[in-house]
file coords_39.cif (mmCIF, C-alpha atoms (C1' of nucleotides))
data_query
#
loop_
_atom_site.label_atom_id
_atom_site.label_comp_id
_atom_site.auth_asym_id
_atom_site.auth_seq_id
_atom_site.Cartn_x
_atom_site.Cartn_y
_atom_site.Cartn_z
CA MET X 7 -43.97 13.04 34.28
CA ARG X 8 -42.28 10.24 36.17
CA PRO X 9 -38.63 9.88 35.24
CA ASP X 10 -39.00 6.10 35.22
CA MET X 11 -42.02 5.77 32.99
CA PHE X 12 -40.07 3.93 30.29
CA ASP X 13 -37.59 2.10 32.43
CA GLU X 14 -38.90 -1.38 31.99
CA LEU X 15 -40.04 -1.86 28.45
CA CYS X 16 -38.48 1.01 26.58
CA PRO X 17 -36.16 1.47 24.94
CA SER X 18 -36.30 -2.27 24.67
CA SER X 19 -34.40 -3.99 21.94
CA LEU X 20 -36.71 -6.90 22.63
CA SER X 21 -39.79 -5.40 21.06
CA PRO X 22 -39.83 -6.28 17.36
CA ILE X 23 -42.00 -3.26 16.59
CA ARG X 24 -40.65 0.25 16.25
CA PHE X 25 -42.11 3.62 15.40
CA GLY X 26 -39.49 5.87 13.90
CA ASP X 27 -36.07 5.77 15.46
CA LYS X 28 -35.08 4.52 18.87
CA TRP X 29 -36.66 7.36 20.82
CA ALA X 30 -39.45 8.59 18.54
CA GLY X 31 -42.16 6.34 19.93
CA MET X 32 -41.38 7.42 23.49
CA VAL X 33 -41.40 11.08 22.52
CA LEU X 34 -44.86 10.71 21.03
CA ARG X 35 -46.13 9.02 24.14
CA VAL X 36 -44.77 11.78 26.34
CA LEU X 37 -46.31 14.48 24.17
CA GLU X 38 -49.60 12.64 24.30
CA HIS X 39 -50.21 14.30 27.66
CA GLY X 40 -49.58 17.81 26.41
CA PRO X 41 -46.79 19.99 25.01
CA ARG X 42 -43.35 19.64 26.54
CA ARG X 43 -40.05 21.51 26.46
CA PHE X 44 -36.77 20.08 25.30
CA SER X 45 -35.39 19.65 28.78
CA GLU X 46 -38.65 18.18 30.02
CA LEU X 47 -38.43 15.52 27.36
CA ARG X 48 -34.99 14.53 28.52
CA VAL X 49 -36.26 13.51 31.96
CA PRO X 50 -38.33 10.42 31.16
CA LEU X 51 -35.96 9.56 28.31
CA HIS X 52 -33.02 9.47 30.63
CA GLY X 53 -29.84 8.44 28.95
CA VAL X 54 -30.57 10.22 25.70
CA THR X 55 -28.03 12.82 24.75
CA ALA X 56 -29.07 16.25 23.53
CA LYS X 57 -27.82 15.53 20.05
CA VAL X 58 -29.69 12.28 19.64
CA LEU X 59 -32.91 13.71 21.05
CA THR X 60 -32.58 16.64 18.67
CA GLN X 61 -32.17 14.23 15.77
CA SER X 62 -35.23 12.33 16.79
CA LEU X 63 -37.30 15.49 17.21
CA ARG X 64 -36.18 16.76 13.80
CA GLY X 65 -37.26 13.51 12.24
CA LEU X 66 -40.68 13.71 13.85
CA GLU X 67 -41.03 17.32 12.81
CA ARG X 68 -40.00 16.47 9.28
CA ASP X 69 -42.75 13.86 9.09
CA GLY X 70 -45.30 16.33 10.38
CA LEU X 71 -45.92 14.36 13.57
CA ILE X 72 -44.88 17.11 15.97
CA SER X 73 -44.48 20.87 15.79
CA ARG X 74 -41.75 23.00 17.26
CA THR X 75 -42.33 26.49 18.66
CA VAL X 76 -39.66 28.85 19.90
CA TYR X 77 -40.46 31.29 22.70
CA ALA X 78 -37.79 33.97 22.77
CA GLU X 79 -39.25 35.78 25.75
CA SER X 80 -37.79 36.48 29.14
CA ALA X 81 -37.25 32.81 29.80
CA PRO X 82 -36.44 31.50 26.35
CA HIS X 83 -37.52 27.95 25.64
CA VAL X 84 -38.79 25.63 22.93
CA GLU X 85 -42.02 23.73 23.01
CA TYR X 86 -42.87 20.52 21.18
CA ARG X 87 -46.41 19.32 20.68
CA LEU X 88 -48.27 16.66 18.74
CA THR X 89 -49.87 17.62 15.46
CA PRO X 90 -53.19 16.01 14.53
CA LEU X 91 -51.22 13.65 12.34
CA GLY X 92 -48.99 12.73 15.24
CA ARG X 93 -51.97 12.19 17.46
CA SER X 94 -53.52 9.91 14.86
CA MET X 95 -50.45 7.71 14.98
CA LEU X 96 -51.09 6.96 18.62
CA VAL X 97 -53.84 4.60 17.45
CA PRO X 98 -51.67 2.05 15.61
CA MET X 99 -49.04 2.57 18.28
CA ALA X 100 -51.49 1.54 20.96
CA ALA X 101 -52.35 -1.57 18.96
CA ALA X 102 -48.67 -2.43 18.73
CA CYS X 103 -48.09 -1.85 22.45
CA ALA X 104 -51.08 -3.97 23.33
CA TRP X 105 -49.76 -6.81 21.21
CA VAL X 106 -46.32 -6.62 22.79
CA GLU X 107 -47.73 -6.61 26.31
CA GLU X 108 -50.04 -9.48 25.55
CA HIS X 109 -47.33 -11.62 24.01
CA TRP X 110 -44.33 -10.53 26.02
CA GLU X 111 -43.95 -13.83 27.81
CA GLU X 112 -44.22 -15.79 24.58
CA LEU X 113 -41.50 -13.68 23.05
CA LEU X 114 -39.19 -14.24 25.99
CA ASP X 115 -39.90 -17.95 26.01
CA ALA X 116 -39.27 -18.23 22.30
CA ARG X 117 -35.89 -16.55 22.65
CA GLU X 118 -34.89 -18.75 25.52
CA ALA X 119 -35.94 -21.89 23.66
CA TYR X 120 -34.07 -20.76 20.56
CA GLU X 121 -30.90 -20.15 22.45
CA ASN X 122 -31.13 -23.45 24.26
CA ALA X 123 -31.50 -25.23 20.94
CA GLU X 124 -28.47 -23.37 19.64
CA ARG X 125 -26.41 -24.49 22.61
CA LEU X 126 -27.41 -28.11 22.07
CA ASP X 127 -26.39 -27.81 18.43
CA ARG X 128 -22.94 -26.64 19.35
CA ALA X 129 -22.63 -29.37 21.94
CA GLY X 130 -23.38 -31.80 19.11
CA MET F 30 -46.92 -14.58 -5.62
CA ARG F 31 -46.36 -11.54 -7.81
CA PRO F 32 -42.72 -10.50 -7.89
CA ASP F 33 -43.75 -6.87 -7.66
CA MET F 34 -46.07 -7.02 -4.70
CA PHE F 35 -43.82 -4.81 -2.58
CA ASP F 36 -42.38 -2.58 -5.25
CA GLU F 37 -44.20 0.57 -4.38
CA LEU F 38 -44.38 0.93 -0.67
CA CYS F 39 -41.86 -1.57 0.64
CA PRO F 40 -39.16 -1.57 1.59
CA SER F 41 -39.89 2.07 1.98
CA SER F 42 -37.69 4.19 4.15
CA LEU F 43 -40.59 6.59 4.18
CA SER F 44 -42.79 4.60 6.49
CA PRO F 45 -41.96 5.54 10.07
CA ILE F 46 -43.26 2.18 11.33
CA ARG F 47 -41.25 -1.01 11.19
CA PHE F 48 -41.80 -4.57 12.32
CA GLY F 49 -38.53 -6.30 12.98
CA ASP F 50 -35.70 -5.61 10.57
CA LYS F 51 -35.92 -4.23 7.07
CA TRP F 52 -37.40 -7.38 5.51
CA ALA F 53 -39.23 -9.03 8.42
CA GLY F 54 -42.56 -7.35 7.87
CA MET F 55 -42.60 -8.35 4.23
CA VAL F 56 -41.69 -11.93 5.06
CA LEU F 57 -44.63 -12.14 7.43
CA ARG F 58 -46.99 -10.78 4.82
CA VAL F 59 -45.80 -13.31 2.27
CA LEU F 60 -46.19 -16.20 4.71
CA GLU F 61 -49.68 -14.97 5.52
CA HIS F 62 -50.87 -16.78 2.41
CA GLY F 63 -49.33 -20.11 3.38
CA PRO F 64 -45.92 -21.70 3.90
CA ARG F 65 -43.14 -20.79 1.50
CA ARG F 66 -39.69 -22.06 0.65
CA PHE F 67 -36.51 -20.04 0.90
CA SER F 68 -36.24 -19.46 -2.82
CA GLU F 69 -39.90 -18.62 -3.09
CA LEU F 70 -39.44 -15.88 -0.51
CA ARG F 71 -36.67 -14.31 -2.53
CA VAL F 72 -38.99 -13.62 -5.48
CA PRO F 73 -41.27 -10.91 -4.04
CA LEU F 74 -38.40 -9.59 -1.92
CA HIS F 75 -36.27 -8.98 -4.95
CA GLY F 76 -32.99 -7.39 -4.16
CA VAL F 77 -32.51 -9.22 -0.91
CA THR F 78 -29.37 -11.32 -0.76
CA ALA F 79 -29.40 -14.85 0.61
CA LYS F 80 -27.38 -13.80 3.61
CA VAL F 81 -29.65 -10.96 4.61
CA LEU F 82 -32.81 -12.99 4.08
CA THR F 83 -31.33 -15.77 6.21
CA GLN F 84 -30.56 -13.29 8.96
CA SER F 85 -34.08 -11.94 8.87
CA LEU F 86 -35.61 -15.43 8.93
CA ARG F 87 -33.40 -16.42 11.85
CA GLY F 88 -34.56 -13.39 13.76
CA LEU F 89 -38.20 -14.19 13.14
CA GLU F 90 -37.62 -17.80 14.13
CA ARG F 91 -35.83 -16.69 17.26
CA ASP F 92 -38.84 -14.60 18.27
CA GLY F 93 -41.18 -17.52 17.67
CA LEU F 94 -42.97 -15.74 14.82
CA ILE F 95 -42.17 -18.31 12.14
CA SER F 96 -41.10 -21.94 12.13
CA ARG F 97 -38.54 -23.63 9.89
CA THR F 98 -38.90 -27.18 8.66
CA VAL F 99 -36.31 -29.11 6.67
CA TYR F 100 -37.50 -31.73 4.20
CA ALA F 101 -34.59 -33.99 3.35
CA GLU F 102 -36.55 -36.13 0.89
CA SER F 103 -36.07 -36.73 -2.81
CA ALA F 104 -36.34 -33.02 -3.52
CA PRO F 105 -34.76 -31.47 -0.43
CA HIS F 106 -36.07 -28.09 0.61
CA VAL F 107 -36.86 -25.90 3.60
CA GLU F 108 -40.26 -24.55 4.45
CA TYR F 109 -41.09 -21.46 6.49
CA ARG F 110 -44.51 -20.90 7.97
CA LEU F 111 -46.20 -18.54 10.43
CA THR F 112 -46.66 -19.69 13.99
CA PRO F 113 -49.84 -18.69 15.84
CA LEU F 114 -47.78 -15.95 17.47
CA GLY F 115 -46.60 -14.72 14.09
CA ARG F 116 -50.14 -14.77 12.78
CA SER F 117 -51.30 -12.75 15.76
CA MET F 118 -48.82 -10.03 14.87
CA LEU F 119 -50.57 -9.51 11.55
CA VAL F 120 -53.27 -7.64 13.48
CA PRO F 121 -51.16 -4.70 14.73
CA MET F 122 -49.31 -4.81 11.43
CA ALA F 123 -52.55 -4.31 9.55
CA ALA F 124 -53.37 -1.36 11.79
CA ALA F 125 -49.99 0.16 11.04
CA CYS F 126 -50.34 -0.40 7.29
CA ALA F 127 -53.81 1.13 7.30
CA TRP F 128 -52.48 4.20 9.06
CA VAL F 129 -49.63 4.59 6.58
CA GLU F 130 -51.90 4.23 3.59
CA GLU F 131 -54.40 6.67 5.01
CA HIS F 132 -51.79 9.30 5.81
CA TRP F 133 -49.31 8.69 3.04
CA GLU F 134 -50.02 11.96 1.29
CA GLU F 135 -49.76 13.93 4.51
CA LEU F 136 -46.39 12.36 5.20
CA LEU F 137 -45.11 13.24 1.75
CA ASP F 138 -46.45 16.79 2.00
CA ALA F 139 -44.88 17.26 5.42
CA ARG F 140 -41.49 16.20 4.11
CA GLU F 141 -41.72 18.46 1.14
CA ALA F 142 -42.75 21.40 3.29
CA TYR F 143 -39.95 20.71 5.74
CA GLU F 144 -37.35 20.61 3.02
CA ASN F 145 -38.67 23.78 1.44
CA ALA F 146 -38.44 25.53 4.78
CA GLU F 147 -34.88 24.28 5.14
CA ARG F 148 -33.96 25.67 1.75
CA LEU F 149 -35.41 29.06 2.62
CA ASP F 150 -33.41 29.05 5.84
CA ARG F 151 -30.20 28.52 3.98
CA ALA F 152 -31.11 31.18 1.43
CA GLY F 153 -32.33 33.64 4.06
"C1'" DC W 15 -31.64 26.47 27.80
"C1'" DT W 16 -31.31 24.46 23.33
"C1'" DG W 17 -28.96 22.80 20.67
"C1'" DG W 18 -24.59 22.44 16.69
"C1'" DA W 19 -19.91 20.25 15.47
"C1'" DT W 20 -16.93 16.60 15.55
"C1'" DC W 21 -15.40 12.10 16.25
"C1'" DC W 22 -16.17 7.23 17.17
"C1'" DA W 23 -17.93 2.36 17.95
"C1'" DG W 24 -21.10 -1.01 16.85
"C1'" DA W 25 -24.96 -2.72 14.10
"C1'" DA W 26 -27.09 -3.42 9.76
"C1'" DA W 27 -27.02 -4.16 4.95
"C1'" DG W 28 -24.97 -5.65 0.78
"C1'" DA W 29 -21.38 -7.85 -2.79
"C1'" DT W 30 -19.03 -11.78 -3.85
"C1'" DA W 31 -17.44 -16.28 -3.66
"C1'" DC W 32 -17.93 -20.83 -1.96
"C1'" DT W 33 -20.31 -25.40 0.16
"C1'" DG W 34 -23.11 -29.81 1.85
"C1'" DC A 29 -31.51 -25.85 -2.92
"C1'" DA A 30 -30.37 -23.33 0.91
"C1'" DG A 31 -27.47 -21.55 2.81
"C1'" DT A 32 -22.13 -19.99 4.97
"C1'" DA A 33 -17.76 -17.07 4.95
"C1'" DT A 34 -15.59 -12.95 4.20
"C1'" DC A 35 -15.15 -8.28 3.19
"C1'" DT A 36 -16.80 -3.62 2.56
"C1'" DT A 37 -19.97 0.08 3.02
"C1'" DT A 38 -23.60 2.53 5.29
"C1'" DC A 39 -26.40 3.84 9.13
"C1'" DT A 40 -27.38 4.66 14.08
"C1'" DG A 41 -26.60 6.06 18.36
"C1'" DG A 42 -23.63 8.03 21.59
"C1'" DA A 43 -19.54 10.88 23.82
"C1'" DT A 44 -17.52 15.11 24.16
"C1'" DC A 45 -16.86 19.75 23.56
"C1'" DC A 46 -18.58 24.20 22.06
"C1'" DA A 47 -22.06 28.22 21.05
"C1'" DG A 48 -26.07 31.51 20.47
#

call {"tool": "encode", "arguments": {"input": "coords_39.cif", "output": "structure tokens"}}
result
Amino acid sequence: MRPDMFDELCPSSLSPIRFGDKWAGMVLRVLEHGPRRFSELRVPLHGVTAKVLTQSLRGLERDGLISRTVYAESAPHVEYRLTPLGRSMLVPMAAACAWVEEHWEELLDAREAYENAERLDRAG
Amino acid sequence: MRPDMFDELCPSSLSPIRFGDKWAGMVLRVLEHGPRRFSELRVPLHGVTAKVLTQSLRGLERDGLISRTVYAESAPHVEYRLTPLGRSMLVPMAAACAWVEEHWEELLDAREAYENAERLDRAG
DNA sequence: CTGGATCCAGAAAGATACTG
DNA sequence: CAGTATCTTTCTGGATCCAG
């Protein structure tokens, strides 16, 4: 799990599409590759605090998209994994990601054009 | 344009998927059927205030998803319509809506189960 | 290691009143 | 008709410190 896997696009306030809260979509994409522990999740989502990640995980668990398992053994840890429902959501998510990638330049251009027009307005 | 077209599902805090801000997705779906005026948009989106709708429309315009045209003629009005980019976003939006509809019951059940488990925790 | 508790800043949403 | 201005409330995310 590369620590920089989300550096460029996510969390990007530029994408107009969001799944769950700020981090939920990224969590799902990490878990896509298999179950992960709390501290493993924090690596690619660098910058997220424990509290906020917990919130996000609780929300996903509440919606039945992930499951949480506690292992109280010698090396106690907690494991999160996708449920079938969570896995099924990867489909519309992929469609959304594909759209964003395909139209990324258009989005950037539109914003630039809009802000230029605004500046002209103010200049009168 | 039925005034109640969004009453049931939208704006639903239950859907974990969102396009733009709270009202943006609904605006796009209204404009799907052709250009609409400001006051026409307010009908199906009942409850939205002029300020908030304006904000949402500005955001969509800024992203190049809709265009705004002012008609200063005898009966002055403003018309909003989808751009090709905006229309293209209907595709991933439809995928998201289909997923929500298909899994709506599962989502509700998951929430109920989660809250029941919470209540048992507090009791136990 | 995996969080909970508390406090805080900024964004988002809404109520209300007013304007070209 | 189509907004703007102002104010208030609510929500979100984060910082910091603490605990089983």

call {"tool": "residues_around", "arguments": {"input": "coords_39.cif", "residues": "DA30 in chain A", "least_positions_apart": "2", "cutoff": "9 Å", "atoms": "all atoms listed in the file", "output": "PyMOL selection string"}}
result
chain F and resi 67-68+79+106-107

call {"tool": "closest_atom_pairs", "arguments": {"input": "coords_39.cif", "of": "chain X", "to": "chain F", "cutoff": "10 Å", "atoms": "all atoms listed in the file", "output": "Markdown table"}}
result
| residue | atom | partner | partner_atom | distance |
| --- | --- | --- | --- | --- |
| X:Leu20 | CA | F:Asp92 | CA | 9.1 |
| X:Ser21 | CA | F:Gly49 | CA | 8.2 |
| X:Pro22 | CA | F:Gly49 | CA | 4.6 |
| X:Ile23 | CA | F:Phe48 | CA | 4.5 |
| X:Arg24 | CA | F:Arg47 | CA | 5.2 |
| X:Phe25 | CA | F:Ile46 | CA | 4.5 |
| X:Gly26 | CA | F:Pro45 | CA | 4.6 |
| X:Asp27 | CA | F:Pro45 | CA | 8.0 |
| X:Ala30 | CA | F:Pro45 | CA | 9.3 |
| X:Gly31 | CA | F:Ile46 | CA | 9.6 |
| X:Arg64 | CA | F:Tyr143 | CA | 9.7 |
| X:Gly65 | CA | F:Pro45 | CA | 9.5 |
| X:Leu66 | CA | F:Pro45 | CA | 9.1 |
| X:Glu67 | CA | F:Tyr143 | CA | 7.9 |
| X:Arg68 | CA | F:Arg140 | CA | 5.4 |
| X:Asp69 | CA | F:Ala139 | CA | 5.4 |
| X:Gly70 | CA | F:Ala139 | CA | 5.1 |
| X:Leu71 | CA | F:Leu136 | CA | 8.6 |
| X:Leu91 | CA | F:His132 | CA | 7.9 |
| X:Ser94 | CA | F:Trp128 | CA | 8.2 |
| X:Met95 | CA | F:Trp128 | CA | 7.2 |
| X:Val97 | CA | F:Ala124 | CA | 8.2 |
| X:Pro98 | CA | F:Ala125 | CA | 5.2 |
| X:Met99 | CA | F:Ala125 | CA | 7.7 |
| X:Ala100 | CA | F:Pro121 | CA | 8.8 |
| X:Ala101 | CA | F:Pro121 | CA | 5.4 |
| X:Ala102 | CA | F:Pro121 | CA | 5.2 |
| X:Cys103 | CA | F:Pro121 | CA | 8.8 |
| X:Ala104 | CA | F:Pro121 | CA | 8.6 |
| X:Trp105 | CA | F:Pro121 | CA | 7.0 |
| X:Val106 | CA | F:Met118 | CA | 9.0 |
| X:His109 | CA | F:Leu114 | CA | 7.9 |
| X:Glu112 | CA | F:Gly93 | CA | 7.7 |
| X:Leu113 | CA | F:Asp92 | CA | 5.5 |
| X:Leu114 | CA | F:Asp92 | CA | 7.7 |
| X:Asp115 | CA | F:Gly93 | CA | 8.4 |
| X:Ala116 | CA | F:Gly93 | CA | 5.1 |
| X:Arg117 | CA | F:Arg91 | CA | 5.4 |
| X:Glu118 | CA | F:Arg91 | CA | 8.6 |
| X:Ala119 | CA | F:Arg91 | CA | 8.2 |
| X:Tyr120 | CA | F:Arg91 | CA | 5.5 |
| X:Glu121 | CA | F:Arg91 | CA | 8.0 |

call {"tool": "resolve_selection", "arguments": {"input": "coords_39.cif", "expression": "the PyMOL selection byres ((chain F) within 12 of (chain A))", "output": "list in words"}}
result
Arg66, Phe67, Ser68, Glu69, Leu70, Arg71, Thr78, Ala79, Lys80, Val81, Leu82, Thr83, Gln84, Leu86, Arg87, Val99, Tyr100, Ala101, Ser103, Ala104, Pro105, His106, Val107 and Glu108 of chain F

call {"tool": "atom_distance", "arguments": {"input": "coords_39.cif", "atom1": "CA of Glu38 in chain X", "atom2": "CA of Leu88 in chain X"}}
result
7.0 Å

call {"tool": "closest_atom_pairs", "arguments": {"input": "coords_39.cif", "of": "chain W", "to": "chain F", "cutoff": "10 Å", "atoms": "only C-alpha atoms (C1' of nucleotides)", "output": "Markdown table"}}
result
| residue | atom | partner | partner_atom | distance |
| --- | --- | --- | --- | --- |
| W:DA26 | C1' | F:Asp50 | CA | 8.9 |
| W:DA27 | C1' | F:Val81 | CA | 7.3 |
| W:DG28 | C1' | F:Thr78 | CA | 7.3 |
| W:DA29 | C1' | F:Thr78 | CA | 8.9 |

call {"tool": "atom_distance", "arguments": {"input": "coords_39.cif", "atom1": "CA of Glu102 in chain F", "atom2": "C1' of DT33 in chain W"}}
result
19.5 Å

call {"tool": "calpha_fit_and_write", "arguments": {"input": "coords_39.cif", "fixed": "chain X", "moving": "chain F", "output": "mmCIF file with C-alpha atoms, in the coordinates of the input"}}
result
data_model
loop_
_atom_site.group_PDB
_atom_site.id
_atom_site.type_symbol
_atom_site.label_atom_id
_atom_site.label_comp_id
_atom_site.auth_asym_id
_atom_site.auth_seq_id
_atom_site.Cartn_x
_atom_site.Cartn_y
_atom_site.Cartn_z
ATOM 1 C CA MET F 30 -43.818 13.011 34.278
ATOM 2 C CA ARG F 31 -42.150 10.172 36.152
ATOM 3 C CA PRO F 32 -38.503 9.797 35.207
ATOM 4 C CA ASP F 33 -38.896 6.038 35.174
ATOM 5 C CA MET F 34 -41.926 5.702 32.966
ATOM 6 C CA PHE F 35 -39.988 3.876 30.255
ATOM 7 C CA ASP F 36 -37.500 2.002 32.371
ATOM 8 C CA GLU F 37 -38.900 -1.441 31.951
ATOM 9 C CA LEU F 38 -40.022 -1.917 28.424
ATOM 10 C CA CYS F 39 -38.442 0.959 26.539
ATOM 11 C CA PRO F 40 -36.149 1.415 24.887
ATOM 12 C CA SER F 41 -36.301 -2.305 24.618
ATOM 13 C CA SER F 42 -34.439 -4.052 21.875
ATOM 14 C CA LEU F 43 -36.763 -6.929 22.578
ATOM 15 C CA SER F 44 -39.828 -5.418 21.010
ATOM 16 C CA PRO F 45 -39.857 -6.282 17.317
ATOM 17 C CA ILE F 46 -42.026 -3.237 16.547
ATOM 18 C CA ARG F 47 -40.654 0.261 16.214
ATOM 19 C CA PHE F 48 -42.114 3.639 15.370
ATOM 20 C CA GLY F 49 -39.510 5.905 13.885
ATOM 21 C CA ASP F 50 -36.053 5.787 15.411
ATOM 22 C CA LYS F 51 -35.058 4.475 18.800
ATOM 23 C CA TRP F 52 -36.589 7.349 20.787
ATOM 24 C CA ALA F 53 -39.408 8.577 18.532
ATOM 25 C CA GLY F 54 -42.107 6.346 19.928
ATOM 26 C CA MET F 55 -41.326 7.411 23.465
ATOM 27 C CA VAL F 56 -41.328 11.075 22.510
ATOM 28 C CA LEU F 57 -44.793 10.702 21.041
ATOM 29 C CA ARG F 58 -46.068 9.008 24.161
ATOM 30 C CA VAL F 59 -44.694 11.770 26.353
ATOM 31 C CA LEU F 60 -46.243 14.485 24.188
ATOM 32 C CA GLU F 61 -49.546 12.636 24.332
ATOM 33 C CA HIS F 62 -50.140 14.280 27.695
ATOM 34 C CA GLY F 63 -49.541 17.806 26.427
ATOM 35 C CA PRO F 64 -46.741 19.963 25.035
ATOM 36 C CA ARG F 65 -43.295 19.620 26.558
ATOM 37 C CA ARG F 66 -40.026 21.502 26.464
ATOM 38 C CA PHE F 67 -36.730 20.073 25.302
ATOM 39 C CA SER F 68 -35.354 19.640 28.790
ATOM 40 C CA GLU F 69 -38.591 18.171 30.029
ATOM 41 C CA LEU F 70 -38.377 15.495 27.352
ATOM 42 C CA ARG F 71 -34.927 14.490 28.496
ATOM 43 C CA VAL F 72 -36.190 13.471 31.949
ATOM 44 C CA PRO F 73 -38.259 10.365 31.119
ATOM 45 C CA LEU F 74 -35.892 9.525 28.261
ATOM 46 C CA HIS F 75 -32.941 9.376 30.576
ATOM 47 C CA GLY F 76 -29.775 8.375 28.878
ATOM 48 C CA VAL F 77 -30.535 10.182 25.669
ATOM 49 C CA THR F 78 -27.980 12.802 24.720
ATOM 50 C CA ALA F 79 -29.010 16.237 23.502
ATOM 51 C CA LYS F 80 -27.735 15.490 20.038
ATOM 52 C CA VAL F 81 -29.651 12.269 19.624
ATOM 53 C CA LEU F 82 -32.853 13.718 21.050
ATOM 54 C CA THR F 83 -32.530 16.664 18.669
ATOM 55 C CA GLN F 84 -32.115 14.294 15.750
ATOM 56 C CA SER F 85 -35.179 12.343 16.765
ATOM 57 C CA LEU F 86 -37.260 15.504 17.216
ATOM 58 C CA ARG F 87 -36.146 16.800 13.829
ATOM 59 C CA GLY F 88 -37.228 13.567 12.232
ATOM 60 C CA LEU F 89 -40.641 13.722 13.845
ATOM 61 C CA GLU F 90 -41.004 17.353 12.827
ATOM 62 C CA ARG F 91 -39.972 16.503 9.299
ATOM 63 C CA ASP F 92 -42.723 13.888 9.098
ATOM 64 C CA GLY F 93 -45.289 16.360 10.390
ATOM 65 C CA LEU F 94 -45.885 14.360 13.574
ATOM 66 C CA ILE F 95 -44.851 17.095 15.999
ATOM 67 C CA SER F 96 -44.480 20.857 15.809
ATOM 68 C CA ARG F 97 -41.747 23.028 17.306
ATOM 69 C CA THR F 98 -42.380 26.486 18.679
ATOM 70 C CA VAL F 99 -39.729 28.893 19.933
ATOM 71 C CA TYR F 100 -40.642 31.319 22.701
ATOM 72 C CA ALA F 101 -38.059 34.079 22.781
ATOM 73 C CA GLU F 102 -39.618 35.896 25.737
ATOM 74 C CA SER F 103 -38.258 36.661 29.179
ATOM 75 C CA ALA F 104 -37.661 32.980 29.840
ATOM 76 C CA PRO F 105 -36.739 31.661 26.397
ATOM 77 C CA HIS F 106 -37.662 28.078 25.668
ATOM 78 C CA VAL F 107 -38.839 25.711 22.953
ATOM 79 C CA GLU F 108 -42.047 23.759 23.031
ATOM 80 C CA TYR F 109 -42.842 20.522 21.217
ATOM 81 C CA ARG F 110 -46.381 19.328 20.715
ATOM 82 C CA LEU F 111 -48.233 16.647 18.751
ATOM 83 C CA THR F 112 -49.847 17.611 15.484
ATOM 84 C CA PRO F 113 -53.182 16.018 14.549
ATOM 85 C CA LEU F 114 -51.195 13.649 12.348
ATOM 86 C CA GLY F 115 -48.936 12.730 15.243
ATOM 87 C CA ARG F 116 -51.933 12.182 17.472
ATOM 88 C CA SER F 117 -53.487 9.917 14.872
ATOM 89 C CA MET F 118 -50.416 7.703 14.980
ATOM 90 C CA LEU F 119 -51.070 6.960 18.637
ATOM 91 C CA VAL F 120 -53.819 4.595 17.472
ATOM 92 C CA PRO F 121 -51.645 2.047 15.617
ATOM 93 C CA MET F 122 -49.012 2.563 18.287
ATOM 94 C CA ALA F 123 -51.472 1.541 20.968
ATOM 95 C CA ALA F 124 -52.337 -1.561 18.962
ATOM 96 C CA ALA F 125 -48.667 -2.438 18.720
ATOM 97 C CA CYS F 126 -48.071 -1.858 22.435
ATOM 98 C CA ALA F 127 -51.083 -3.980 23.336
ATOM 99 C CA TRP F 128 -49.763 -6.807 21.200
ATOM 100 C CA VAL F 129 -46.321 -6.625 22.795
ATOM 101 C CA GLU F 130 -47.712 -6.601 26.300
ATOM 102 C CA GLU F 131 -50.031 -9.480 25.556
ATOM 103 C CA HIS F 132 -47.317 -11.623 24.005
ATOM 104 C CA TRP F 133 -44.322 -10.516 26.006
ATOM 105 C CA GLU F 134 -43.934 -13.817 27.798
ATOM 106 C CA GLU F 135 -44.221 -15.786 24.580
ATOM 107 C CA LEU F 136 -41.502 -13.660 23.035
ATOM 108 C CA LEU F 137 -39.192 -14.215 25.980
ATOM 109 C CA ASP F 138 -39.898 -17.952 26.014
ATOM 110 C CA ALA F 139 -39.266 -18.218 22.284
ATOM 111 C CA ARG F 140 -35.891 -16.542 22.644
ATOM 112 C CA GLU F 141 -34.895 -18.734 25.504
ATOM 113 C CA ALA F 142 -35.936 -21.862 23.643
ATOM 114 C CA TYR F 143 -34.082 -20.745 20.539
ATOM 115 C CA GLU F 144 -30.897 -20.119 22.446
ATOM 116 C CA ASN F 145 -31.150 -23.434 24.244
ATOM 117 C CA ALA F 146 -31.537 -25.196 20.925
ATOM 118 C CA GLU F 147 -28.492 -23.342 19.637
ATOM 119 C CA ARG F 148 -26.448 -24.465 22.609
ATOM 120 C CA LEU F 149 -27.455 -28.078 22.082
ATOM 121 C CA ASP F 150 -26.448 -27.791 18.439
ATOM 122 C CA ARG F 151 -22.998 -26.655 19.362
ATOM 123 C CA ALA F 152 -22.689 -29.372 21.995
ATOM 124 C CA GLY F 153 -24.126 -32.072 19.736
#

call {"tool": "axis_aligned_box", "arguments": {"input": "coords_39.cif", "around": "range 40-47 of chain A", "padding_each_side": "4 Å", "output": "JSON"}}
result
{"center_x": -22.1, "center_y": 16.4, "center_z": 19.1, "size_x": 18.5, "size_y": 31.6, "size_z": 18.1}

call {"tool": "atom_distance", "arguments": {"input": "coords_39.cif", "atom1": "CA of Tyr86 in chain X", "atom2": "CA of Leu37 in chain X"}}
result
7.6 Å

call {"tool": "closest_residue", "arguments": {"input": "coords_39.cif", "among": "F:Met55, F:Ala152, F:Ile95, F:Leu74", "to": "Arg116 in chain F", "atoms": "all atoms listed in the file"}}
result
F:Ile95
